[in-house]
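Source file: entry.txt; contents: compact mmCIF, C-alpha atoms and all ligand atoms.
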```txt
# COMPACT_ATOMS: atom_id res chain seq x y z
CA MET A 1 -26.28 29.03 14.01
CA GLU A 2 -26.19 27.56 10.52
CA SER A 3 -24.35 24.23 10.24
CA LYS A 4 -21.02 24.27 8.43
CA LEU A 5 -21.10 20.50 7.93
CA PHE A 6 -22.14 20.69 4.29
CA THR A 7 -20.15 23.78 3.38
CA PRO A 8 -16.91 23.48 1.35
CA PHE A 9 -13.51 23.84 2.96
CA GLN A 10 -10.16 24.93 1.54
CA LEU A 11 -7.46 22.60 2.86
CA GLY A 12 -4.26 24.15 1.48
CA PRO A 13 -4.55 23.83 -2.30
CA LEU A 14 -7.49 21.44 -2.07
CA THR A 15 -11.20 22.32 -1.97
CA LEU A 16 -13.31 19.74 -0.14
CA ARG A 17 -17.03 19.63 -0.91
CA ASN A 18 -17.93 19.35 2.79
CA ARG A 19 -16.32 18.92 6.21
CA THR A 20 -16.16 15.12 6.35
CA ILE A 21 -13.16 12.85 5.79
CA ARG A 22 -13.05 9.08 5.91
CA SER A 23 -10.27 8.51 8.41
CA ALA A 24 -7.35 6.21 7.58
CA ALA A 25 -8.52 2.83 8.89
CA PHE A 26 -6.65 -0.22 7.65
CA GLU A 27 -8.88 -1.97 5.11
CA SER A 28 -6.78 -5.14 4.94
CA MET A 29 -7.85 -5.46 1.32
CA GLY A 30 -4.48 -5.29 -0.45
CA LYS A 31 -2.72 -8.01 -2.39
CA ASP A 32 1.00 -8.22 -3.11
CA PHE A 33 1.29 -4.89 -1.24
CA GLY A 34 -0.91 -3.22 -3.86
CA PRO A 35 -4.60 -2.31 -4.24
CA THR A 36 -7.41 -4.65 -5.30
CA GLU A 37 -10.85 -4.16 -6.83
CA GLN A 38 -12.29 -4.67 -3.35
CA LEU A 39 -10.25 -1.78 -1.94
CA LYS A 40 -11.33 0.40 -4.82
CA ASP A 41 -15.00 -0.57 -4.42
CA TYR A 42 -14.96 0.25 -0.71
CA HIS A 43 -13.49 3.73 -1.21
CA VAL A 44 -15.79 4.41 -4.16
CA SER A 45 -18.77 3.45 -2.00
CA VAL A 46 -17.66 5.97 0.65
CA ALA A 47 -17.16 8.62 -2.05
CA ARG A 48 -20.64 7.86 -3.44
CA GLY A 49 -21.92 8.08 0.12
CA GLY A 50 -21.17 11.81 0.15
CA ILE A 51 -17.79 12.09 1.94
CA GLY A 52 -15.61 15.17 1.34
CA MET A 53 -12.44 13.08 1.13
CA THR A 54 -11.70 9.41 1.62
CA THR A 55 -8.28 8.34 2.95
CA VAL A 56 -6.67 5.10 1.86
CA ALA A 57 -4.96 3.75 4.97
CA TYR A 58 -1.55 2.81 6.08
CA ALA A 59 0.66 2.86 2.96
CA SER A 60 4.29 2.22 3.71
CA VAL A 61 6.87 4.60 2.24
CA ASN A 62 9.35 1.75 1.75
CA ARG A 63 9.65 -2.03 1.85
CA SER A 64 10.86 -2.18 5.43
CA GLY A 65 7.82 -0.39 6.87
CA ILE A 66 5.19 -3.07 6.26
CA SER A 67 3.45 -4.81 9.16
CA PHE A 68 0.62 -6.66 7.38
CA ASN A 69 0.63 -8.73 4.18
CA LYS A 70 -2.44 -6.91 2.90
CA GLN A 71 -0.96 -3.47 3.42
CA LEU A 72 0.04 -1.07 0.62
CA TRP A 73 3.64 -0.26 -0.19
CA LEU A 74 3.67 2.95 -2.21
CA ARG A 75 5.83 2.37 -5.27
CA ASP A 76 5.81 2.96 -9.04
CA GLU A 77 4.54 -0.54 -9.87
CA ILE A 78 1.14 0.07 -8.27
CA VAL A 79 0.56 3.55 -9.70
CA PRO A 80 -1.78 2.43 -12.55
CA ALA A 81 -4.05 0.47 -10.16
CA LEU A 82 -4.09 3.35 -7.67
CA ARG A 83 -4.85 5.78 -10.49
CA ASP A 84 -7.82 3.64 -11.45
CA MET A 85 -9.06 3.93 -7.85
CA THR A 86 -8.52 7.70 -7.50
CA ASP A 87 -10.22 8.33 -10.88
CA ALA A 88 -13.26 6.39 -9.66
CA ILE A 89 -13.29 8.30 -6.33
CA HIS A 90 -13.07 11.64 -8.17
CA ALA A 91 -15.90 10.60 -10.49
CA GLU A 92 -18.13 10.44 -7.37
CA GLY A 93 -17.18 14.02 -6.42
CA ALA A 94 -14.91 13.24 -3.47
CA ALA A 95 -11.23 13.99 -2.97
CA ALA A 96 -8.74 11.16 -2.50
CA GLY A 97 -6.15 11.07 0.27
CA ILE A 98 -3.60 8.48 1.27
CA GLN A 99 -1.96 7.91 4.62
CA ILE A 100 1.80 7.41 4.42
CA GLY A 101 4.00 6.04 7.15
CA HIS A 102 6.42 3.41 8.32
CA CYS A 103 5.58 0.89 11.02
CA GLY A 104 9.07 0.76 12.59
CA ASN A 105 9.07 -1.71 15.47
CA MET A 106 5.51 -2.79 14.60
CA THR A 107 6.82 -4.62 11.53
CA HIS A 108 8.05 -8.18 11.46
CA TRP A 109 10.74 -9.89 9.41
CA SER A 110 8.06 -12.00 7.72
CA THR A 111 6.21 -8.95 6.33
CA ALA A 112 8.94 -6.30 6.11
CA GLY A 113 11.52 -8.63 4.59
CA SER A 114 14.25 -7.24 6.84
CA PHE A 115 15.11 -6.89 10.52
CA PRO A 116 12.65 -4.38 12.05
CA VAL A 117 14.02 -0.92 12.82
CA SER A 118 13.04 1.75 15.31
CA ALA A 119 14.48 4.72 17.20
CA SER A 120 16.20 2.37 19.68
CA ASN A 121 17.04 -1.29 20.10
CA GLY A 122 14.44 -3.36 21.90
CA PHE A 123 11.71 -5.98 21.81
CA ASN A 124 8.12 -5.28 20.81
CA LEU A 125 5.78 -7.78 22.39
CA TYR A 126 2.94 -6.77 20.06
CA SER A 127 4.64 -7.89 16.81
CA PRO A 128 6.38 -9.83 18.54
CA THR A 129 9.90 -8.95 17.43
CA PHE A 130 13.32 -7.65 18.35
CA HIS A 131 14.17 -4.40 16.59
CA ARG A 132 17.30 -2.38 16.06
CA ARG A 133 18.15 1.30 16.30
CA MET A 134 18.27 3.21 13.00
CA ARG A 135 21.60 4.69 11.98
CA PRO A 136 21.61 8.48 11.31
CA ALA A 137 22.18 7.85 7.58
CA GLU A 138 19.05 5.64 7.58
CA CYS A 139 17.06 8.46 9.17
CA VAL A 140 18.06 10.69 6.24
CA ALA A 141 17.24 7.98 3.68
CA PHE A 142 13.82 7.23 5.26
CA ALA A 143 12.93 10.94 5.30
CA LYS A 144 13.67 10.99 1.58
CA ASP A 145 11.38 7.95 1.17
CA PHE A 146 8.57 10.03 2.69
CA GLY A 147 9.21 12.70 0.02
CA LYS A 148 9.31 10.08 -2.73
CA ALA A 149 6.02 8.65 -1.51
CA VAL A 150 4.39 12.05 -2.09
CA VAL A 151 5.58 12.04 -5.70
CA THR A 152 4.20 8.52 -6.19
CA ALA A 153 0.90 9.48 -4.54
CA HIS A 154 0.63 12.45 -6.89
CA GLU A 155 1.28 10.29 -9.95
CA ALA A 156 -1.43 7.95 -8.66
CA GLY A 157 -3.93 10.83 -8.61
CA PHE A 158 -4.17 11.51 -4.86
CA ASP A 159 -5.03 15.06 -3.81
CA SER A 160 -3.67 14.83 -0.30
CA VAL A 161 -1.28 12.87 1.89
CA GLU A 162 -1.68 12.21 5.59
CA VAL A 163 1.65 11.61 7.35
CA HIS A 164 1.20 9.11 10.16
CA ALA A 165 3.11 10.57 13.10
CA GLY A 166 1.04 8.97 15.84
CA HIS A 167 -0.13 5.67 17.34
CA GLY A 168 3.40 4.41 18.10
CA TYR A 169 4.52 3.96 14.48
CA LEU A 170 8.00 5.00 13.36
CA ILE A 171 7.79 8.81 13.62
CA SER A 172 5.94 8.42 16.91
CA GLN A 173 8.64 5.97 18.11
CA PHE A 174 11.18 8.77 17.63
CA LEU A 175 8.96 11.34 19.36
CA SER A 176 8.10 9.23 22.39
CA PRO A 177 10.59 8.96 25.27
CA TYR A 178 9.14 5.47 25.85
CA THR A 179 10.65 4.12 22.60
CA ASN A 180 13.42 6.68 21.98
CA ARG A 181 16.37 6.18 24.32
CA ARG A 182 19.01 7.57 21.95
CA ARG A 183 21.75 9.91 23.05
CA ASP A 184 22.62 11.37 19.65
CA GLU A 185 20.99 14.26 17.77
CA PHE A 186 17.78 12.17 17.38
CA GLY A 187 17.21 11.50 21.08
CA GLY A 188 17.05 13.07 24.53
CA SER A 189 15.55 16.57 24.43
CA LEU A 190 12.20 17.18 22.74
CA GLN A 191 14.06 19.18 20.08
CA ASN A 192 16.16 16.12 19.25
CA ARG A 193 13.25 13.66 19.38
CA MET A 194 11.36 15.86 16.88
CA ARG A 195 14.28 15.88 14.43
CA PHE A 196 13.27 12.77 12.45
CA MET A 197 9.68 14.05 12.15
CA GLN A 198 10.94 17.45 10.99
CA MET A 199 13.15 15.82 8.34
CA CYS A 200 10.27 13.69 7.04
CA LEU A 201 7.85 16.62 6.97
CA GLU A 202 10.34 18.89 5.23
CA GLU A 203 10.76 16.32 2.44
CA VAL A 204 6.98 15.81 2.23
CA LEU A 205 6.21 19.54 2.16
CA THR A 206 8.85 20.31 -0.48
CA GLU A 207 7.34 17.77 -2.85
CA ALA A 208 3.73 18.54 -1.98
CA GLU A 209 4.22 22.27 -2.54
CA ARG A 210 5.86 21.62 -5.91
CA LEU A 211 2.99 19.32 -6.94
CA GLY A 212 0.09 21.25 -5.41
CA MET A 213 -1.01 18.63 -2.88
CA ALA A 214 -2.51 19.04 0.57
CA VAL A 215 -0.59 17.67 3.58
CA VAL A 216 -2.04 16.73 6.94
CA VAL A 217 -0.36 15.04 9.89
CA LYS A 218 -1.94 12.49 12.23
CA HIS A 219 -0.61 13.45 15.61
CA ASN A 220 -0.83 11.97 19.10
CA MET A 221 -2.30 14.31 21.72
CA GLU A 222 -0.88 11.83 24.21
CA ASP A 223 0.55 8.33 24.09
CA GLY A 224 -1.76 7.26 26.90
CA PHE A 225 0.59 5.92 29.59
CA LYS A 226 3.24 7.13 32.02
CA GLY A 227 6.59 7.57 30.30
CA GLY A 228 5.04 8.42 26.92
CA ILE A 229 4.18 11.80 25.38
CA GLU A 230 1.80 13.84 27.52
CA LEU A 231 -0.45 16.75 26.64
CA ASP A 232 1.88 19.72 27.21
CA GLU A 233 4.75 18.20 25.25
CA SER A 234 2.35 17.15 22.52
CA ILE A 235 1.14 20.75 22.15
CA GLU A 236 4.78 21.78 21.61
CA ILE A 237 5.11 19.14 18.88
CA ALA A 238 1.87 20.32 17.26
CA ARG A 239 3.21 23.92 17.28
CA GLU A 240 6.29 22.66 15.45
CA ILE A 241 4.11 20.83 12.89
CA GLU A 242 2.17 24.06 12.39
CA ARG A 243 5.39 26.07 11.99
CA LEU A 244 6.64 23.66 9.32
CA GLY A 245 3.62 24.61 7.19
CA VAL A 246 1.29 21.60 6.94
CA HIS A 247 -2.34 22.32 6.04
CA GLY A 248 -4.03 20.50 8.91
CA ILE A 249 -3.49 18.27 11.94
CA VAL A 250 -5.57 15.20 12.78
CA LEU A 251 -5.76 14.91 16.57
CA SER A 252 -5.61 11.35 17.81
CA SER A 253 -4.01 9.49 20.75
CA GLY A 254 -2.74 6.08 21.80
CA PHE A 255 0.18 3.75 21.23
CA VAL A 256 -0.76 0.51 19.50
CA SER A 257 2.09 -1.56 20.99
CA LYS A 258 1.13 -0.51 24.53
CA ALA A 259 -2.59 0.22 24.65
CA PRO A 260 -4.19 -0.24 21.21
CA MET A 261 -7.72 0.53 22.38
CA ALA A 262 -6.66 3.98 23.57
CA VAL A 263 -6.80 4.91 19.86
CA MET A 264 -10.33 3.68 19.22
CA ARG A 265 -12.01 3.13 22.59
CA GLY A 266 -14.57 0.46 23.25
CA ARG A 267 -13.90 -3.13 24.25
CA ILE A 268 -11.99 -5.37 21.88
CA PRO A 269 -13.46 -8.88 21.59
CA THR A 270 -10.24 -10.76 22.38
CA LYS A 271 -11.48 -14.32 21.60
CA THR A 272 -12.67 -13.05 18.22
CA MET A 273 -9.34 -11.34 17.68
CA SER A 274 -7.47 -14.53 18.54
CA TYR A 275 -9.76 -16.50 16.19
CA TYR A 276 -8.73 -14.29 13.24
CA MET A 277 -5.02 -14.29 14.06
CA PRO A 278 -3.21 -16.57 11.61
CA TRP A 279 -1.78 -19.88 12.83
CA SER A 280 1.61 -18.69 11.54
CA SER A 281 1.71 -16.49 14.66
CA TRP A 282 0.34 -19.23 16.94
CA PRO A 283 2.10 -18.17 20.18
CA GLN A 284 0.44 -14.75 19.95
CA LYS A 285 -2.89 -16.34 18.97
CA ILE A 286 -2.88 -18.57 22.04
CA VAL A 287 -1.69 -15.86 24.43
CA VAL A 288 -4.41 -13.45 23.21
CA ASN A 289 -7.05 -16.16 23.52
CA LEU A 290 -6.10 -17.01 27.10
CA PHE A 291 -4.93 -13.68 28.50
CA GLY A 292 -6.19 -11.06 26.01
CA ASN A 293 -8.73 -9.52 28.38
CA TRP A 294 -6.08 -9.09 30.98
CA MET A 295 -3.28 -7.94 28.64
CA ILE A 296 -5.16 -5.43 26.48
CA LYS A 297 -6.38 -2.43 28.40
CA GLN A 298 -10.08 -1.87 27.71
CA TYR A 299 -11.85 1.48 27.56
CA ASP A 300 -15.50 2.38 27.69
CA PHE A 301 -16.76 3.99 24.51
CA GLU A 302 -18.10 7.51 24.70
CA GLU A 303 -19.19 9.68 21.79
CA CYS A 304 -16.60 12.37 20.87
CA PHE A 305 -14.15 10.75 23.31
CA PHE A 306 -11.19 12.99 22.38
CA LEU A 307 -13.09 16.29 22.35
CA GLU A 308 -12.02 17.70 25.72
CA LYS A 309 -8.32 17.09 24.99
CA ALA A 310 -8.64 18.30 21.39
CA LYS A 311 -10.05 21.62 22.67
CA ARG A 312 -6.69 22.34 24.34
CA PHE A 313 -5.06 22.10 20.90
CA ARG A 314 -7.74 24.34 19.39
CA GLU A 315 -6.81 27.02 21.92
CA ALA A 316 -3.07 26.67 21.19
CA LEU A 317 -3.05 26.46 17.38
CA LYS A 318 -4.28 28.49 14.42
CA LEU A 319 -4.07 25.99 11.53
CA PRO A 320 -7.09 23.86 10.51
CA LEU A 321 -7.69 21.03 12.97
CA ILE A 322 -9.31 17.75 12.05
CA TYR A 323 -11.19 16.01 14.85
CA VAL A 324 -11.30 12.21 14.99
CA GLY A 325 -12.64 9.88 17.67
CA GLY A 326 -16.09 8.50 18.40
CA LEU A 327 -18.24 10.30 15.83
CA VAL A 328 -21.33 8.27 15.00
CA SER A 329 -24.13 10.84 14.93
CA ARG A 330 -24.90 14.12 13.27
CA GLU A 331 -25.43 15.62 16.72
CA GLY A 332 -21.85 14.66 17.72
CA ILE A 333 -20.40 16.05 14.51
CA GLU A 334 -22.24 19.38 14.90
CA ARG A 335 -20.96 19.60 18.49
CA VAL A 336 -17.35 19.16 17.31
CA LEU A 337 -17.68 21.64 14.44
CA GLY A 338 -19.29 24.08 16.87
CA GLU A 339 -16.14 23.93 19.03
CA GLY A 340 -14.07 25.40 16.18
CA PHE A 341 -12.73 22.29 14.44
CA GLU A 342 -12.73 22.76 10.68
CA LEU A 343 -13.08 19.12 9.61
CA VAL A 344 -14.08 15.77 11.07
CA GLN A 345 -12.80 12.28 10.37
CA MET A 346 -14.73 9.07 10.92
CA ALA A 347 -13.65 5.43 10.70
CA ARG A 348 -16.15 3.00 12.25
CA ALA A 349 -19.30 4.95 11.36
CA LEU A 350 -18.32 4.51 7.69
CA ILE A 351 -17.18 0.89 8.08
CA ASN A 352 -20.73 0.22 9.23
CA ASP A 353 -22.35 2.45 6.61
CA PRO A 354 -20.44 4.02 3.70
CA ASN A 355 -23.58 6.07 2.94
CA PHE A 356 -23.66 7.73 6.37
CA VAL A 357 -22.79 11.24 5.12
CA ASN A 358 -25.66 11.24 2.61
CA LYS A 359 -27.98 9.98 5.36
CA MET A 360 -26.98 12.93 7.53
CA ARG A 361 -27.61 15.33 4.68
CA GLU A 362 -31.10 13.95 4.25
CA GLY A 363 -31.81 13.46 7.96
CA ASP A 364 -31.94 15.56 11.11
CA LEU A 365 -29.72 15.89 14.17
CA SER A 366 -30.73 12.46 15.44
CA THR A 367 -29.25 10.67 12.39
CA ARG A 368 -26.87 7.96 13.59
CA SER A 369 -24.66 5.33 12.02
CA GLY A 370 -25.52 1.72 12.92
CA CYS A 371 -22.06 1.20 14.46
CA ASP A 372 -22.41 0.11 18.09
CA HIS A 373 -18.68 -0.35 18.77
CA ARG A 374 -18.41 -4.10 19.20
CA ASP A 375 -15.08 -3.57 17.41
CA TYR A 376 -15.35 -6.71 15.32
CA CYS A 377 -13.80 -4.69 12.45
CA ILE A 378 -10.60 -4.34 14.47
CA ALA A 379 -10.48 -7.94 15.66
CA ARG A 380 -11.00 -9.22 12.13
CA MET A 381 -8.25 -7.33 10.34
CA TYR A 382 -5.48 -9.67 11.53
CA SER A 383 -6.20 -12.02 8.66
CA ARG A 384 -9.38 -10.90 6.87
CA ASP A 385 -10.68 -7.76 5.22
CA MET A 386 -12.23 -4.88 7.16
CA GLN A 387 -15.95 -5.51 7.70
CA CYS A 388 -18.61 -4.62 10.24
CA CYS A 389 -20.26 -7.48 12.18
CA HIS A 390 -23.70 -6.05 11.29
CA ASN A 391 -23.29 -6.44 7.54
CA CYS A 392 -20.46 -8.92 7.16
CA GLN A 393 -20.32 -10.64 3.77
CA GLU A 394 -19.46 -14.01 5.32
CA PRO A 395 -21.14 -15.84 8.19
CA ILE A 396 -19.71 -15.08 11.63
CA PRO A 397 -19.38 -18.25 13.74
CA ASP A 398 -21.85 -18.49 16.67
CA LYS A 399 -19.08 -18.67 19.25
CA LEU A 400 -17.83 -15.26 18.07
CA TRP A 401 -21.34 -13.79 18.15
CA ARG A 402 -21.66 -14.94 21.76
CA GLU A 403 -18.64 -12.77 22.65
CA LEU A 404 -19.72 -9.86 20.43
CA LYS A 405 -23.21 -9.77 21.96
CA LYS A 406 -21.74 -9.40 25.46
CA ILE A 407 -20.02 -6.14 24.45
CA LYS A 408 -22.09 -3.13 25.41
C1 LIG A 501 -10.47 -1.34 11.65
C2 LIG A 501 -9.67 -0.10 11.98
C3 LIG A 501 -8.42 0.08 11.40
C4 LIG A 501 -7.68 1.24 11.68
N1 LIG A 501 -6.50 1.46 11.03
C5 LIG A 501 -5.86 2.66 11.16
C6 LIG A 501 -4.76 2.99 10.32
O1 LIG A 501 -4.36 2.22 9.45
N2 LIG A 501 -4.18 4.20 10.49
C7 LIG A 501 -4.64 5.10 11.44
O2 LIG A 501 -4.07 6.19 11.56
N3 LIG A 501 -5.68 4.81 12.22
C8 LIG A 501 -6.32 3.64 12.08
N4 LIG A 501 -7.45 3.39 12.80
C9 LIG A 501 -7.94 4.42 13.73
C10 LIG A 501 -8.98 5.31 13.06
O3 LIG A 501 -8.46 6.01 11.96
C11 LIG A 501 -9.56 6.34 14.04
O4 LIG A 501 -8.51 7.19 14.47
C12 LIG A 501 -10.22 5.67 15.25
O5 LIG A 501 -10.91 4.49 14.87
C13 LIG A 501 -11.22 6.60 15.93
O6 LIG A 501 -12.22 6.99 15.03
P1 LIG A 501 -13.72 6.34 15.01
O7 LIG A 501 -14.24 6.46 16.41
O8 LIG A 501 -14.45 7.20 14.03
O9 LIG A 501 -13.60 4.92 14.59
C14 LIG A 501 -8.20 2.23 12.57
C15 LIG A 501 -9.46 2.02 13.14
C16 LIG A 501 -10.20 0.89 12.85
C17 LIG A 501 -11.55 0.74 13.47
```
In structure tokens, how does this file's structure come out?
Amino acid sequence: MESKLFTPFQLGPLTLRNRTIRSAAFESMGKDFGPTEQLKDYHVSVARGGIGMTTVAYASVNRSGISFNKQLWLRDEIVPALRDMTDAIHAEGAAAGIQIGHCGNMTHWSTAGSFPVSASNGFNLYSPTFHRRMRPAECVAFAKDFGKAVVTAHEAGFDSVEVHAGHGYLISQFLSPYTNRRRDEFGGSLQNRMRFMQMCLEEVLTEAERLGMAVVVKHNMEDGFKGGIELDESIEIAREIERLGVHGIVLSSGFVSKAPMAVMRGRIPTKTMSYYMPWSSWPQKIVVNLFGNWMIKQYDFEECFFLEKAKRFREALKLPLIYVGGLVSREGIERVLGEGFELVQMARALINDPNFVNKMREGDLSTRSGCDHRDYCIARMYSRDMQCCHNCQEPIPDKLWRELKKIK
């Protein structure tokens, strides 16, 4: 059968030149919650490398949703700089997408500038922070912020928005019974837990339809632990997302505050991670250094690690599905496309090599990215920019290499 990898795809109002998307992976390259030349250069390099669409990661829809200093906060002030970036991406023939979300209980007073909010009151060890339950009027206001973010993204020249509804961020905190213990119209039954997501998506879709933008949702197939969302319930949520009228669903899994590596798989180098944590969060830095291997659940990496679960969603849904998780070779990508997924997203393969898509076009089925999942890129983002250990622009200390080399 002929490969569809390099055939165009119509994602709602948007035509992509091929089936590849650079997945939203936090670049940690922002400044003053806005873009930099470095962020632009990275996305332009991916666009030049042949991608169908590149997705700028993790932009907060309002001030209270920020969890990292180098994260984007989507607002009018940064539109000209974002426009400069999207123009440069378009000039390379790729589409430009932006992930929008709110970090909820993953924020911290020091970054968000206010007391962290979530579906319920509680303490998040990961941040670490106490957080408070959102009032119903705040749920309405935040949903409107999602709609406003679409308007800002459009002014900034983006073709598509990806709503982050997974990984244990705010929408996911409402969906998951683990973090949502409310007894009002936003908690309890699945119908109630979906209400905040529905409100956000309705605002997003109204604006996107008016402006002619594509909308995709990053969704958790499962949270990855007992007491979180499991597969059958997640399929119900995906059916609701489909009914609301989005153009595609990105199928991911995992809850960063509980089991971060369930999202990405592979073994996180915890000493390296601790090394890059800032001294301003010294208790966390020390705890991760001493007990990280014990505290953070580790997973073996396997190519296409979400494929078997994602196939259940393919059977249940009709809308375009975007596969993400463990794609590093042309053979893996062809396998996924052959299972009926319309598009594929990649993060680490393109962190290692922004030119990977062009290499696949020129190569054969054995073409692989040089990423070998030592997950240095993840460990590093706590204070530095996103880079691969194999082509890092600054020297990596020997003691970190000793840990990285042990990871198979
Ligand atoms: C350094 C890094 C940062 C990430 N940041 C985000 C993020 O901001 N938003 C998100 O939805 N996923 C994020 N992810 C997850 C990826 O988008 C993707 O779902 C995951 O890495 C699996 O894809 P891969 O095997 O191609 O890397 C990140 C992954 C990495 C490696």
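Compared by their closest atoms to ligand LIG 501 (chain A), and using all atoms listed in the file, the residues A:Phe26, A:Phe33, A:Phe115, A:Phe9 rank with A:Phe26 nearest.
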Contact table stretch 319-397 of chain A vs stretch 212-220 of chain A, cut-off 12 Å, shortest pair per residue, only C-alpha atoms, as a Markdown table:
```
| residue | atom | partner | partner_atom | distance |
| --- | --- | --- | --- | --- |
| A:Leu319 | CA | A:Val216 | CA | 10.5 |
| A:Pro320 | CA | A:Val216 | CA | 9.4 |
| A:Leu321 | CA | A:Val216 | CA | 9.3 |
| A:Ile322 | CA | A:Val216 | CA | 8.9 |
| A:Tyr323 | CA | A:Lys218 | CA | 10.2 |
| A:Val324 | CA | A:Lys218 | CA | 9.8 |
| A:Leu343 | CA | A:Val216 | CA | 11.6 |
| A:Gln345 | CA | A:Lys218 | CA | 11.0 |
```
Completion exercise
Closest of A:Gly254, A:Pro278, A:Gly363, A:Gly52 to ligand LIG 501 (chain A), counting all atoms listed in the file, is A:Gly254
Problem - Option closest in space to A:His164, from A:Phe123, A:Phe146, A:Trp109, A:Trp282 [counting all atoms listed in the file] - result: A:Phe146
Exercise for the section: Could you please determine the separation between atom CA of A:Glu303 and atom CA of A:Arg348 in Å, to one decimal place? Expected result: 12.0 Å
Exercise for the section: Find, counting all atoms listed in the file, the residue in A:Thr111, A:Asn352, A:Ser3, A:Ser118 that gets nearest to ligand LIG 501 (chain A). Expected result: A:Asn352
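Atom CA of A:Leu72 to atom CA of A:Gly113 spans 14.3 Å [interatomic distance, one decimal].
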Problem - Spatial neighbours of A:Glu222, max dist 7 Å, all atoms listed in the file, sep filter under 3 positions, as a list in words - result: Ile229, Glu230, Leu231, Ser234, Ser253 and Gly254 of chain A
Can you list every residue of stretch 66-166 of chain A that has an atom at most 6 Å from stretch 172-195 of chain A, with its nearest atom pair and the distance in Å to one decimal, using only C-alpha atoms, ordered by chain then number, as a Markdown table?
```
| residue | atom | partner | partner_atom | distance |
| --- | --- | --- | --- | --- |
| A:Ala119 | CA | A:Phe174 | CA | 5.2 |
| A:Ser120 | CA | A:Asn180 | CA | 5.6 |
| A:Ala165 | CA | A:Ser172 | CA | 5.2 |
| A:Gly166 | CA | A:Ser172 | CA | 5.0 |
```
Please write the residues from the selection above to a file, keeping C-alpha atoms, as a JSON list (two decimals), in the coordinates of the input.
```json
[["chain", "number", "residue", "atom", "x", "y", "z"],
["A", 119, "ALA", "CA", 14.48, 4.72, 17.20],
["A", 120, "SER", "CA", 16.20, 2.37, 19.68],
["A", 165, "ALA", "CA", 3.11, 10.57, 13.10],
["A", 166, "GLY", "CA", 1.04, 8.97, 15.84]]
```
Practice task
One decimal, Å: what's the distance from atom CA of A:Leu251 over to atom CA of A:Gln198, could you say?
Solution key: 17.8 Å
Problem - Counting only C-alpha atoms, the residue of A:Met346, A:Val163, A:Ala112, A:Met134 that sits nearest A:Gln99 - result: A:Val163
Handout entry: Selection near stretch 373-376 of chain A, 8 Å with all atoms listed in the file, sequence-local residues under 2 positions removed, as number ranges by chain
Key = A: 266-269, 272-273, 301, 348, 371, 378-380, 387-389, 404-405, 407-408
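When only C-alpha atoms and all ligand atoms are used to compute distances to ligand LIG 501 (chain A), the closest of the residues A:Thr54, A:Thr206, A:Ser280, A:Ser110 turns out to be A:Thr54.
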Write out as lines of an AutoDock Vina configuration file an axis-aligned box for ligand LIG 501 (chain A): all of its atoms listed in the file, 5 Å added on each side, centre and edge lengths in Å with one decimal.
```
center_x = -9.3
center_y = 2.9
center_z = 12.9
size_x = 20.4
size_y = 18.5
size_z = 17.0
```
Quick one: residues within 9 Å of A:Phe313, all atoms listed in the file counted, chain neighbours fewer than 3 positions away excluded, as a short mmCIF file (atom, residue, chain, number, x, y, z; two decimals) with C-alpha atoms, in the frame of the given file?
```cif
data_model
loop_
_atom_site.label_atom_id
_atom_site.label_comp_id
_atom_site.auth_asym_id
_atom_site.auth_seq_id
_atom_site.Cartn_x
_atom_site.Cartn_y
_atom_site.Cartn_z
CA MET A 221 -2.30 14.31 21.72
CA ILE A 235 1.14 20.75 22.15
CA ALA A 238 1.87 20.32 17.26
CA LEU A 251 -5.76 14.91 16.57
CA LYS A 309 -8.32 17.09 24.99
CA ALA A 310 -8.64 18.30 21.39
CA ALA A 316 -3.07 26.67 21.19
CA LEU A 317 -3.05 26.46 17.38
CA LEU A 321 -7.69 21.03 12.97
#
```
Select all residues near (-21.2, -9.8, 7.6) (cut-off 12 Å, inclusive, file coordinates), counting all atoms listed in the file, and output them as a CSV table (one decimal) with C-alpha atoms, keeping the file's coordinate frame.
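In the end it all went to part_33.csv:
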```
chain,number,residue,atom,x,y,z
A,351,ILE,CA,-17.2,0.9,8.1
A,352,ASN,CA,-20.7,0.2,9.2
A,376,TYR,CA,-15.4,-6.7,15.3
A,377,CYS,CA,-13.8,-4.7,12.4
A,380,ARG,CA,-11.0,-9.2,12.1
A,384,ARG,CA,-9.4,-10.9,6.9
A,385,ASP,CA,-10.7,-7.8,5.2
A,386,MET,CA,-12.2,-4.9,7.2
A,387,GLN,CA,-16.0,-5.5,7.7
A,388,CYS,CA,-18.6,-4.6,10.2
A,389,CYS,CA,-20.3,-7.5,12.2
A,390,HIS,CA,-23.7,-6.0,11.3
A,391,ASN,CA,-23.3,-6.4,7.5
A,392,CYS,CA,-20.5,-8.9,7.2
A,393,GLN,CA,-20.3,-10.6,3.8
A,394,GLU,CA,-19.5,-14.0,5.3
A,395,PRO,CA,-21.1,-15.8,8.2
A,396,ILE,CA,-19.7,-15.1,11.6
A,397,PRO,CA,-19.4,-18.2,13.7
A,401,TRP,CA,-21.3,-13.8,18.2
```
Exercise for the section: Please identify all polymer residues within 8 Å of A:Phe158, counting only C-alpha atoms, omitting same-chain residues fewer than 6 positions from it, and present them as an MDAnalysis selection string. Expected result: chainID A and resid 86 95:98
Keeping only C-alpha atoms, take the residues you just selected and write them out as a PDB file, keeping the file's coordinate frame.
```pdb
ATOM      1  CA  THR A  86      -8.520   7.700  -7.500  1.00  0.00           C
ATOM      2  CA  ALA A  95     -11.230  13.990  -2.970  1.00  0.00           C
ATOM      3  CA  ALA A  96      -8.740  11.160  -2.500  1.00  0.00           C
ATOM      4  CA  GLY A  97      -6.150  11.070   0.270  1.00  0.00           C
ATOM      5  CA  ILE A  98      -3.600   8.480   1.270  1.00  0.00           C
TER       6      ILE A  98
END
```
